[in-house]
>>> print(open('final14.pdb').read())   # PDB, C-alpha atoms
ATOM      1  CA  MET N   1     131.888  88.275 106.598
ATOM      2  CA  ILE N   2     130.421  91.052 108.763
ATOM      3  CA  GLN N   3     133.896  92.380 109.561
ATOM      4  CA  ASN N   4     134.827  92.618 105.858
ATOM      5  CA  TYR N   5     131.421  94.150 105.150
ATOM      6  CA  LEU N   6     132.029  97.001 107.595
ATOM      7  CA  LYS N   7     135.708  97.356 106.667
ATOM      8  CA  THR N   8     134.834  97.908 103.010
ATOM      9  CA  ALA N   9     132.268 100.532 103.951
ATOM     10  CA  THR N  10     134.710 102.382 106.243
ATOM     11  CA  ASN N  11     137.503 102.413 103.654
ATOM     12  CA  SER N  12     135.151 103.729 100.986
ATOM     13  CA  TRP N  13     134.338 106.787 103.085
ATOM     14  CA  ARG N  14     138.025 107.505 103.712
ATOM     15  CA  THR N  15     139.009 107.413 100.050
ATOM     16  CA  GLN N  16     136.010 109.253  98.624
ATOM     17  CA  ALA N  17     136.104 112.948  97.683
ATOM     18  CA  PRO N  18     134.304 115.337 100.092
ATOM     19  CA  GLY N  19     131.662 116.296  97.533
ATOM     20  CA  LEU N  20     130.762 112.674  96.892
ATOM     21  CA  ARG N  21     130.607 112.003 100.618
ATOM     22  CA  VAL N  22     128.007 114.734 101.056
ATOM     23  CA  MET N  23     125.870 113.415  98.182
ATOM     24  CA  ARG N  24     126.225 109.836  99.357
ATOM     25  CA  PHE N  25     125.354 110.617 102.973
ATOM     26  CA  TRP N  26     122.332 112.744 102.077
ATOM     27  CA  LEU N  27     120.895 110.256  99.591
ATOM     28  CA  GLY N  28     121.509 107.240 101.813
ATOM     29  CA  ILE N  29     120.018 108.793 104.940
ATOM     30  CA  THR N  30     117.032 110.201 103.037
ATOM     31  CA  TRP N  31     116.139 106.844 101.502
ATOM     32  CA  ILE N  32     116.445 105.065 104.853
ATOM     33  CA  TYR N  33     114.256 107.735 106.457
ATOM     34  CA  ALA N  34     111.678 107.303 103.683
ATOM     35  CA  GLY N  35     111.532 103.572 104.399
ATOM     36  CA  TRP N  36     111.373 104.157 108.163
ATOM     37  CA  ASN N  37     108.562 106.682 107.717
ATOM     38  CA  LYS N  38     106.491 104.019 105.956
ATOM     39  CA  ALA N  39     107.491 101.199 108.317
ATOM     40  CA  THR N  40     106.369 103.162 111.383
ATOM     41  CA  ASP N  41     103.086 104.244 109.764
ATOM     42  CA  SER N  42     100.595 101.497 110.550
ATOM     43  CA  GLY N  43      98.160 103.073 108.114
ATOM     44  CA  PHE N  44     100.493 102.719 105.128
ATOM     45  CA  LEU N  45      99.440  99.108 104.533
ATOM     46  CA  THR N  46      95.972  99.428 106.101
ATOM     47  CA  ALA N  47      93.005  99.854 103.764
ATOM     48  CA  GLY N  48      90.791 102.778 104.731
ATOM     49  CA  SER N  49      93.572 104.735 106.423
ATOM     50  CA  SER N  50      94.274 108.238 105.159
ATOM     51  CA  SER N  51      97.874 107.245 104.414
ATOM     52  CA  TYR N  52      97.059 103.875 102.789
ATOM     53  CA  ILE N  53      99.280 103.062  99.800
ATOM     54  CA  GLY N  54      96.206 102.009  97.814
ATOM     55  CA  THR N  55      94.749 105.494  98.211
ATOM     56  CA  GLN N  56      97.969 107.006  96.892
ATOM     57  CA  LEU N  57      98.019 104.625  93.933
ATOM     58  CA  SER N  58      94.427 105.596  93.130
ATOM     59  CA  GLY N  59      95.500 109.223  92.985
ATOM     60  CA  TYR N  60      98.440 108.340  90.752
ATOM     61  CA  SER N  61      96.223 106.414  88.334
ATOM     62  CA  THR N  62      94.093 109.484  87.602
ATOM     63  CA  GLN N  63      96.857 112.071  87.628
ATOM     64  CA  SER N  64     100.065 110.531  86.274
ATOM     65  CA  PRO N  65     100.907 110.623  82.543
ATOM     66  CA  VAL N  66     101.473 106.874  82.927
ATOM     67  CA  GLY N  67      98.401 106.355  85.105
ATOM     68  CA  PHE N  68      97.494 103.159  83.267
ATOM     69  CA  ALA N  69     100.516 101.498  84.879
ATOM     70  CA  PHE N  70      98.942 101.883  88.316
ATOM     71  CA  ASN N  71      95.643 100.136  87.554
ATOM     72  CA  LYS N  72      97.013  96.659  88.300
ATOM     73  CA  MET N  73      99.137  97.934  91.168
ATOM     74  CA  ILE N  74      96.024  99.104  93.026
ATOM     75  CA  GLU N  75      94.791  95.517  93.115
ATOM     76  CA  HIS N  76      98.012  94.483  94.889
ATOM     77  CA  ALA N  77      98.532  97.667  96.887
ATOM     78  CA  VAL N  78      99.905  95.977 100.015
ATOM     79  CA  LEU N  79     102.537  94.053  98.032
ATOM     80  CA  VAL N  80     103.498  97.215  96.145
ATOM     81  CA  GLY N  81     103.768  99.167  99.400
ATOM     82  CA  GLY N  82     105.908  96.496 101.020
ATOM     83  CA  PHE N  83     108.207  96.343  97.999
ATOM     84  CA  VAL N  84     108.661 100.117  97.948
ATOM     85  CA  MET N  85     109.379 100.218 101.690
ATOM     86  CA  VAL N  86     112.011  97.466 101.588
ATOM     87  CA  SER N  87     113.544  98.923  98.400
ATOM     88  CA  GLU N  88     114.005 102.303 100.055
ATOM     89  CA  PHE N  89     115.743 100.689 103.023
ATOM     90  CA  ALA N  90     117.923  98.578 100.713
ATOM     91  CA  ILE N  91     118.972 101.470  98.476
ATOM     92  CA  GLY N  92     119.763 103.684 101.463
ATOM     93  CA  LEU N  93     121.759 101.015 103.269
ATOM     94  CA  ALA N  94     123.636  99.973 100.124
ATOM     95  CA  THR N  95     124.562 103.601  99.450
ATOM     96  CA  LEU N  96     125.929 104.199 102.939
ATOM     97  CA  LEU N  97     127.681 100.825 103.175
ATOM     98  CA  TRP N  98     129.157 100.861  99.666
ATOM     99  CA  VAL N  99     127.312  97.775  98.455
ATOM    100  CA  ALA N 100     127.058  97.610  94.636
ATOM    101  CA  PRO N 101     127.329 101.434  94.632
ATOM    102  CA  ARG N 102     126.644 102.010  90.935
ATOM    103  CA  LEU N 103     123.726  99.610  90.925
ATOM    104  CA  SER N 104     122.336 101.279  94.061
ATOM    105  CA  ALA N 105     122.686 104.732  92.507
ATOM    106  CA  PHE N 106     120.916 103.557  89.366
ATOM    107  CA  ALA N 107     118.098 102.086  91.492
ATOM    108  CA  GLY N 108     117.756 105.376  93.383
ATOM    109  CA  PHE N 109     117.656 107.292  90.109
ATOM    110  CA  SER N 110     115.010 104.947  88.679
ATOM    111  CA  MET N 111     112.849 105.206  91.792
ATOM    112  CA  SER N 112     113.043 109.007  91.746
ATOM    113  CA  VAL N 113     112.009 109.149  88.099
ATOM    114  CA  GLY N 114     109.128 106.795  88.853
ATOM    115  CA  LEU N 115     107.954 108.949  91.765
ATOM    116  CA  TRP N 116     108.220 112.062  89.608
ATOM    117  CA  LEU N 117     106.020 110.527  86.915
ATOM    118  CA  ALA N 118     103.635 109.203  89.547
ATOM    119  CA  SER N 119     103.099 112.178  91.811
ATOM    120  CA  SER N 120     104.832 115.414  90.874
ATOM    121  CA  PHE N 121     104.903 115.469  87.062
ATOM    122  CA  HIS N 122     102.416 118.353  86.944
ATOM    123  CA  ALA N 123     104.095 120.450  89.646
ATOM    124  CA  ASN N 124     104.295 124.065  88.524
ATOM    125  CA  PRO N 125     106.767 125.665  88.718
ATOM    126  CA  TYR N 126     108.871 122.571  88.119
ATOM    127  CA  PHE N 127     111.321 123.222  90.964
ATOM    128  CA  LEU N 128     108.594 122.404  93.488
ATOM    129  CA  ALA N 129     108.844 118.764  92.406
ATOM    130  CA  SER N 130     111.367 117.279  94.837
ATOM    131  CA  ASP N 131     111.263 113.930  93.039
ATOM    132  CA  SER N 132     112.808 115.419  89.898
ATOM    133  CA  ALA N 133     115.504 117.105  92.007
ATOM    134  CA  TYR N 134     116.375 113.756  93.618
ATOM    135  CA  ALA N 135     116.459 112.117  90.188
ATOM    136  CA  VAL N 136     119.045 114.671  89.053
ATOM    137  CA  LEU N 137     121.040 114.229  92.278
ATOM    138  CA  TRP N 138     121.091 110.430  91.926
ATOM    139  CA  LEU N 139     122.070 110.696  88.258
ATOM    140  CA  SER N 140     124.910 113.090  89.087
ATOM    141  CA  TYR N 141     126.127 110.764  91.843
ATOM    142  CA  LEU N 142     125.990 107.795  89.465
ATOM    143  CA  LEU N 143     127.934 109.600  86.749
ATOM    144  CA  LEU N 144     130.597 110.635  89.249
ATOM    145  CA  LEU N 145     130.945 107.007  90.346
ATOM    146  CA  VAL N 146     131.244 105.872  86.753
ATOM    147  CA  GLY N 147     133.908 108.520  86.064
ATOM    148  CA  LYS N 148     135.736 108.067  82.791
ATOM    149  CA  ARG N 149     134.746 104.437  82.358
ATOM    150  CA  LYS N 150     133.060 103.569  79.085
ATOM    151  CA  GLY N 151     129.677 102.580  80.391
ATOM    152  CA  PHE N 152     129.295 101.111  83.831
ATOM    153  CA  GLU N 153     129.533  97.512  84.928
ATOM    154  CA  MET N 154     126.785  96.328  87.274
ATOM    155  CA  SER N 155     127.572  92.613  87.463
ATOM    156  CA  LEU N 156     128.492  91.169  90.858
ATOM    157  CA  GLU N 157     131.150  88.708  91.903
ATOM    158  CA  ARG N 158     130.414  86.113  94.574
ATOM    159  CA  ARG N 159     131.533  88.301  97.486
ATOM    160  CA  GLY N 160     129.547  91.241  96.134
ATOM    161  CA  ALA N 161     126.448  89.085  95.766
ATOM    162  CA  LEU N 162     126.757  88.011  99.398
ATOM    163  CA  ARG N 163     127.004  91.630 100.521
ATOM    164  CA  VAL N 164     123.913  92.484  98.461
ATOM    165  CA  GLY N 165     122.081  89.576 100.090
ATOM    166  CA  LEU N 166     123.093  90.726 103.568
ATOM    167  CA  THR N 167     121.928  94.251 102.772
ATOM    168  CA  GLY N 168     118.590  92.855 101.663
ATOM    169  CA  VAL N 169     118.227  90.974 104.948
ATOM    170  CA  LEU N 170     118.988  94.168 106.881
ATOM    171  CA  ALA N 171     116.400  96.069 104.823
ATOM    172  CA  VAL N 172     113.690  93.513 105.570
ATOM    173  CA  GLY N 173     114.727  93.511 109.227
ATOM    174  CA  LEU N 174     114.413  97.300 109.478
ATOM    175  CA  ALA N 175     110.996  97.192 107.819
ATOM    176  CA  GLY N 176     109.839  94.664 110.400
ATOM    177  CA  PHE N 177     111.497  96.504 113.282
ATOM    178  CA  GLY N 178     109.687  99.704 112.319
ATOM    179  CA  LYS N 179     106.360  98.030 113.081
ATOM    180  CA  VAL N 180     107.362  97.938 116.743
ATOM    181  CA  PHE N 181     107.163 101.738 116.794
ATOM    182  CA  ALA N 182     104.059 102.038 114.627
ATOM    183  CA  LYS N 183     101.078 103.862 116.068
ATOM    184  CA  ALA N 184      97.525 102.688 115.538
ATOM    185  CA  ALA N 185      96.158 103.561 112.111
ATOM    186  CA  PRO N 186      93.705 106.487 112.204
ATOM    187  CA  SER N 187      90.179 105.165 111.851
ATOM    188  CA  THR N 188      88.014 106.498 109.047
ATOM    189  CA  SER N 189      84.852 104.914 110.363
ATOM    190  CA  ASN N 190      82.194 106.199 112.730
ATOM    191  CA  SER N 191      79.296 104.650 114.611
ATOM    192  CA  ALA N 192      76.635 106.050 112.308
ATOM    193  CA  ALA N 193      78.335 104.804 109.169
ATOM    194  CA  SER N 194      78.639 101.310 110.559
ATOM    195  CA  ALA N 195      74.891 100.848 110.845
ATOM    196  CA  LYS N 196      74.007  98.560 107.942
ATOM    197  CA  GLY N 197      77.036  99.973 106.171
ATOM    198  CA  THR N 198      75.030 102.809 104.523
ATOM    199  CA  LYS N 199      73.996 105.273 107.209
ATOM    200  CA  ILE N 200      76.332 108.242 107.514
ATOM    201  CA  ILE N 201      74.827 110.711 109.984
ATOM    202  CA  LYS N 202      71.429 111.801 111.242
ATOM    203  CA  LEU N 203      70.142 114.699 109.195
ATOM    204  CA  ALA N 204      69.281 116.650 112.347
ATOM    205  CA  SER N 205      72.946 116.476 113.394
ATOM    206  CA  LEU N 206      74.106 118.109 110.180
ATOM    207  CA  LYS N 207      73.106 121.753 110.113
ATOM    208  CA  VAL N 208      72.687 123.678 106.869
ATOM    209  CA  GLY N 209      76.131 124.940 105.841
ATOM    210  CA  ALA N 210      77.932 122.257 107.847
ATOM    211  CA  THR N 211      80.261 119.504 106.670
ATOM    212  CA  HIS N 212      80.958 116.001 107.948
ATOM    213  CA  ASN N 213      83.901 113.667 107.329
ATOM    214  CA  PHE N 214      83.030 110.006 106.844
ATOM    215  CA  ALA N 215      84.231 106.775 105.278
ATOM    216  CA  THR N 216      82.594 105.343 102.171
ATOM    217  CA  LYS N 217      81.547 101.707 101.873
ATOM    218  CA  ASN N 218      85.012 100.752 100.637
ATOM    219  CA  GLY N 219      86.704 102.575 103.513
ATOM    220  CA  ALA N 220      87.890 105.614 101.536
ATOM    221  CA  PRO N 221      87.669 109.051 103.203
ATOM    222  CA  ALA N 222      84.951 111.440 102.001
ATOM    223  CA  VAL N 223      83.372 114.793 102.924
ATOM    224  CA  LEU N 224      79.617 115.406 103.216
ATOM    225  CA  PHE N 225      78.015 118.836 102.702
ATOM    226  CA  ARG N 226      74.553 120.140 103.494
ATOM    227  CA  THR N 227      73.099 123.248 101.880
ATOM    228  CA  LYS N 228      69.574 124.614 101.586
ATOM    229  CA  ALA N 229      69.279 122.609  98.368
ATOM    230  CA  GLY N 230      70.118 119.277  99.999
ATOM    231  CA  VAL N 231      73.162 117.084 100.619
ATOM    232  CA  PHE N 232      76.132 116.078  98.468
ATOM    233  CA  ALA N 233      79.528 114.528  99.026
ATOM    234  CA  TYR N 234      82.942 114.100  97.449
ATOM    235  CA  SER N 235      85.839 111.744  97.844
ATOM    236  CA  ALA N 236      88.524 113.233 100.080
ATOM    237  CA  ILE N 237      91.247 111.595  97.990
ATOM    238  CA  CYS N 238      93.178 114.311  96.173
ATOM    239  CA  THR N 239      93.430 113.567  92.453
ATOM    240  CA  HIS N 240      97.045 114.699  92.447
ATOM    241  CA  GLN N 241      98.892 112.361  94.798
ATOM    242  CA  GLY N 242      96.188 110.652  96.798
ATOM    243  CA  CYS N 243      96.551 112.689  99.977
ATOM    244  CA  THR N 244      93.437 113.442 102.049
ATOM    245  CA  VAL N 245      91.882 116.854 101.471
ATOM    246  CA  ALA N 246      90.129 118.838 104.197
ATOM    247  CA  TYR N 247      87.444 121.515 104.078
ATOM    248  CA  SER N 248      88.513 125.081 104.863
ATOM    249  CA  GLY N 249      85.676 127.240 106.141
ATOM    250  CA  ALA N 250      87.705 130.397 105.550
ATOM    251  CA  SER N 251      88.158 129.848 101.819
ATOM    252  CA  LYS N 252      85.157 127.510 101.389
ATOM    253  CA  THR N 253      87.356 125.073  99.485
ATOM    254  CA  LEU N 254      88.670 121.563  99.916
ATOM    255  CA  LYS N 255      92.431 121.840 100.369
ATOM    256  CA  CYS N 256      95.159 119.247  99.982
ATOM    257  CA  PRO N 257      97.812 119.545 102.730
ATOM    258  CA  CYS N 258     100.527 117.880 100.629
ATOM    259  CA  HIS N 259     100.957 120.123  97.590
ATOM    260  CA  GLY N 260      98.333 122.844  97.970
ATOM    261  CA  ALA N 261      95.691 121.735  95.464
ATOM    262  CA  GLU N 262      92.262 123.304  96.050
ATOM    263  CA  PHE N 263      88.811 122.248  94.901
ATOM    264  CA  ASP N 264      85.483 124.118  94.887
ATOM    265  CA  PRO N 265      82.851 121.834  96.490
ATOM    266  CA  TYR N 266      80.034 124.115  95.353
ATOM    267  CA  LYS N 267      81.006 123.790  91.693
ATOM    268  CA  SER N 268      81.319 120.023  91.283
ATOM    269  CA  ALA N 269      84.643 120.003  93.155
ATOM    270  CA  LYS N 270      86.463 121.476  90.171
ATOM    271  CA  VAL N 271      90.131 122.392  90.541
ATOM    272  CA  ILE N 272      90.726 126.039  91.368
ATOM    273  CA  ASN N 273      94.388 125.715  92.273
ATOM    274  CA  GLY N 274      96.896 123.084  91.032
ATOM    275  CA  PRO N 275      98.889 120.900  90.809
ATOM    276  CA  ALA N 276      95.808 118.641  90.578
ATOM    277  CA  GLN N 277      94.236 118.471  87.117
ATOM    278  CA  SER N 278      90.985 116.598  87.798
ATOM    279  CA  PRO N 279      88.027 117.349  90.107
ATOM    280  CA  LEU N 280      87.341 115.213  93.142
ATOM    281  CA  ALA N 281      85.179 112.165  92.587
ATOM    282  CA  LYS N 282      81.529 112.464  93.592
ATOM    283  CA  VAL N 283      80.062 110.173  96.234
ATOM    284  CA  LYS N 284      76.367 109.357  95.864
ATOM    285  CA  VAL N 285      74.432 110.283  99.004
ATOM    286  CA  SER N 286      70.768 110.884  99.740
ATOM    287  CA  ILE N 287      68.337 111.477 102.597
ATOM    288  CA  SER N 288      66.410 108.472 103.844
ATOM    289  CA  GLY N 289      64.060 109.229 106.691
ATOM    290  CA  ALA N 290      66.065 110.753 109.531
ATOM    291  CA  TRP N 291      69.410 109.696 108.042
ATOM    292  CA  VAL N 292      71.830 110.784 105.369
ATOM    293  CA  ILE N 293      72.942 107.603 103.603
ATOM    294  CA  GLU N 294      75.434 106.572 100.978
ATOM    295  CA  ALA N 295      73.384 105.538  97.980
TER     296      ALA N 295
END
>>> encode(input="final14.pdb", output="structure tokens")
Amino acid sequence: MIQNYLKTATNSWRTQAPGLRVMRFWLGITWIYAGWNKATDSGFLTAGSSSYIGTQLSGYSTQSPVGFAFNKMIEHAVLVGGFVMVSEFAIGLATLLWVAPRLSAFAGFSMSVGLWLASSFHANPYFLASDSAYAVLWLSYLLLLVGKRKGFEMSLERRGALRVGLTGVLAVGLAGFGKVFAKAAPSTSNSAASAKGTKIIKLASLKVGATHNFATKNGAPAVLFRTKAGVFAYSAICTHQGCTVAYSGASKTLKCPCHGAEFDPYKSAKVINGPAQSPLAKVKVSISGAWVIEA
């Protein structure tokens, strides 16, 4: 079985046109790398981590034109993250090993369209949205595989089904193997915040004009500010794709490192530079005795 599996893959590379080989190699390797990137990130499935899939889904739900579709997904974020990770491995492996090639190409196209709607729909100019570019690349690859056929058959015979099953096993195995190389998830907690679950930092430790990163009660990252008027805080979850924003003292803005969105913390965290469309969520904080607390 394994010998035939590898023989079919080798023969497919020999008989395929050079242009298709380039597309196939790039798409397959990229999807495997995407899965590996998630598998080796211990924070991807860890609530409270800056790279947690639930945080990304929260960003999608407020930003995507189909944000409603992510409401239920957030409740099952770990399952969604695991499914996406294994799917990326499976699509990449199937593409490189010539397993159900048209079905794999269609799956890659569908995933790219989904990611475009989820995270980069509002990218301006449009060519900055890599997800849409991958969707076009997958679609082109699929159409070239279909050729002059009327439609494309995706049904599998017994041998093909076995090869699909073996590819699935390999995908799950790679996802598990990646955990061996995973580094510890970055902690979003601090000693002050852990006290009774509400204390953030001593007021005396936060000078006027200073900022402080902390984790909210539900483990989400946030940024605290102190001015002459008092204290206020915002969620550090970018409303575009769910990445973690950081305060820039030079520009006095909260900047997203993923796609360049900027927010003005001194004007209700409104968007001053896209692709985000919505301001950052406010976090209720107040001063209680010697402490700044989350209300």
>>> resolve_selection(input="final14.pdb", expression="the PyMOL selection byres ((chain N and resi 95-107) around 6)", output="count of residues only")
12
>>> resolve_selection(input="final14.pdb", expression="the PyMOL selection byres ((chain N and resi 115) around 12)", output="PyMOL selection string")
chain N and resi 56-57+60+64-67+70+84+108-114+116-122+129-135+241
>>> write_last_selection(input="final14.pdb", atoms="C-alpha atoms", output="mmCIF file, in the frame of the given file")
data_model
loop_
_atom_site.group_PDB
_atom_site.id
_atom_site.type_symbol
_atom_site.label_atom_id
_atom_site.label_comp_id
_atom_site.auth_asym_id
_atom_site.auth_seq_id
_atom_site.Cartn_x
_atom_site.Cartn_y
_atom_site.Cartn_z
ATOM 1 C CA GLN N 56 97.969 107.006 96.892
ATOM 2 C CA LEU N 57 98.019 104.625 93.933
ATOM 3 C CA TYR N 60 98.440 108.340 90.752
ATOM 4 C CA SER N 64 100.065 110.531 86.274
ATOM 5 C CA PRO N 65 100.907 110.623 82.543
ATOM 6 C CA VAL N 66 101.473 106.874 82.927
ATOM 7 C CA GLY N 67 98.401 106.355 85.105
ATOM 8 C CA PHE N 70 98.942 101.883 88.316
ATOM 9 C CA VAL N 84 108.661 100.117 97.948
ATOM 10 C CA GLY N 108 117.756 105.376 93.383
ATOM 11 C CA PHE N 109 117.656 107.292 90.109
ATOM 12 C CA SER N 110 115.010 104.947 88.679
ATOM 13 C CA MET N 111 112.849 105.206 91.792
ATOM 14 C CA SER N 112 113.043 109.007 91.746
ATOM 15 C CA VAL N 113 112.009 109.149 88.099
ATOM 16 C CA GLY N 114 109.128 106.795 88.853
ATOM 17 C CA TRP N 116 108.220 112.062 89.608
ATOM 18 C CA LEU N 117 106.020 110.527 86.915
ATOM 19 C CA ALA N 118 103.635 109.203 89.547
ATOM 20 C CA SER N 119 103.099 112.178 91.811
ATOM 21 C CA SER N 120 104.832 115.414 90.874
ATOM 22 C CA PHE N 121 104.903 115.469 87.062
ATOM 23 C CA HIS N 122 102.416 118.353 86.944
ATOM 24 C CA ALA N 129 108.844 118.764 92.406
ATOM 25 C CA SER N 130 111.367 117.279 94.837
ATOM 26 C CA ASP N 131 111.263 113.930 93.039
ATOM 27 C CA SER N 132 112.808 115.419 89.898
ATOM 28 C CA ALA N 133 115.504 117.105 92.007
ATOM 29 C CA TYR N 134 116.375 113.756 93.618
ATOM 30 C CA ALA N 135 116.459 112.117 90.188
ATOM 31 C CA GLN N 241 98.892 112.361 94.798
#
>>> closest_residue(input="final14.pdb", among="N:Leu144, N:Ile2, N:Val172, N:Ile32", to="Ala17 (chain N)", atoms="all atoms listed in the file")
N:Leu144
>>> atom_distance(input="final14.pdb", atom1="CA of Gly289 (chain N)", atom2="CA of Ala204 (chain N)")
10.7 Å
>>> atom_distance(input="final14.pdb", atom1="CA of Tyr126 (chain N)", atom2="CA of Leu143 (chain N)")
23.1 Å
>>> closest_residue(input="final14.pdb", among="N:Val78, N:Ala233, N:Val208, N:Cys256", to="Ala281 (chain N)", atoms="only C-alpha atoms")
N:Ala233
>>> atom_distance(input="final14.pdb", atom1="CA of Ala77 (chain N)", atom2="CA of Gly54 (chain N)")
5.0 Å
>>> closest_residue(input="final14.pdb", among="N:Ser87, N:Thr216, N:Ser51, N:Thr40", to="Val169 (chain N)", atoms="only C-alpha atoms")
N:Ser87
>>> closest_residue(input="final14.pdb", among="N:Gly165, N:Val285, N:Gly178, N:Thr253", to="Ile272 (chain N)", atoms="all atoms listed in the file")
N:Thr253
>>> closest_residue(input="final14.pdb", among="N:Pro221, N:Gly168, N:Gly81, N:Gly230", to="Val245 (chain N)", atoms="all atoms listed in the file")
N:Pro221
>>> resolve_selection(input="final14.pdb", expression="the PyMOL selection byres ((chain N and resi 268) around 10)", output="count of residues only")
15
>>> residues_around(input="final14.pdb", residues="Asn37 (chain N)", least_positions_apart="2", cutoff="12 Å", atoms="all atoms listed in the file", output="mmCIF file with C-alpha atoms, in the frame of the given file")
data_model
loop_
_atom_site.group_PDB
_atom_site.id
_atom_site.type_symbol
_atom_site.label_atom_id
_atom_site.label_comp_id
_atom_site.auth_asym_id
_atom_site.auth_seq_id
_atom_site.Cartn_x
_atom_site.Cartn_y
_atom_site.Cartn_z
ATOM 1 C CA ILE N 29 120.018 108.793 104.940
ATOM 2 C CA THR N 30 117.032 110.201 103.037
ATOM 3 C CA TRP N 31 116.139 106.844 101.502
ATOM 4 C CA ILE N 32 116.445 105.065 104.853
ATOM 5 C CA TYR N 33 114.256 107.735 106.457
ATOM 6 C CA ALA N 34 111.678 107.303 103.683
ATOM 7 C CA GLY N 35 111.532 103.572 104.399
ATOM 8 C CA ALA N 39 107.491 101.199 108.317
ATOM 9 C CA THR N 40 106.369 103.162 111.383
ATOM 10 C CA ASP N 41 103.086 104.244 109.764
ATOM 11 C CA SER N 42 100.595 101.497 110.550
ATOM 12 C CA GLY N 43 98.160 103.073 108.114
ATOM 13 C CA PHE N 44 100.493 102.719 105.128
ATOM 14 C CA SER N 51 97.874 107.245 104.414
ATOM 15 C CA VAL N 84 108.661 100.117 97.948
ATOM 16 C CA MET N 85 109.379 100.218 101.690
ATOM 17 C CA VAL N 86 112.011 97.466 101.588
ATOM 18 C CA GLU N 88 114.005 102.303 100.055
ATOM 19 C CA PHE N 89 115.743 100.689 103.023
ATOM 20 C CA LEU N 174 114.413 97.300 109.478
ATOM 21 C CA ALA N 175 110.996 97.192 107.819
ATOM 22 C CA PHE N 177 111.497 96.504 113.282
ATOM 23 C CA GLY N 178 109.687 99.704 112.319
ATOM 24 C CA LYS N 179 106.360 98.030 113.081
ATOM 25 C CA PHE N 181 107.163 101.738 116.794
ATOM 26 C CA ALA N 182 104.059 102.038 114.627
ATOM 27 C CA LYS N 183 101.078 103.862 116.068
#
>>> closest_residue(input="final14.pdb", among="N:Lys228, N:His259, N:Arg24, N:Arg14", to="Tyr141 (chain N)", atoms="only C-alpha atoms")
N:Arg24
>>> residues_around(input="final14.pdb", residues="Ser205 (chain N)", least_positions_apart="6", cutoff="10 Å", atoms="only C-alpha atoms", output="JSON, numbers by chain")
{"N": [212, 290, 291, 292]}
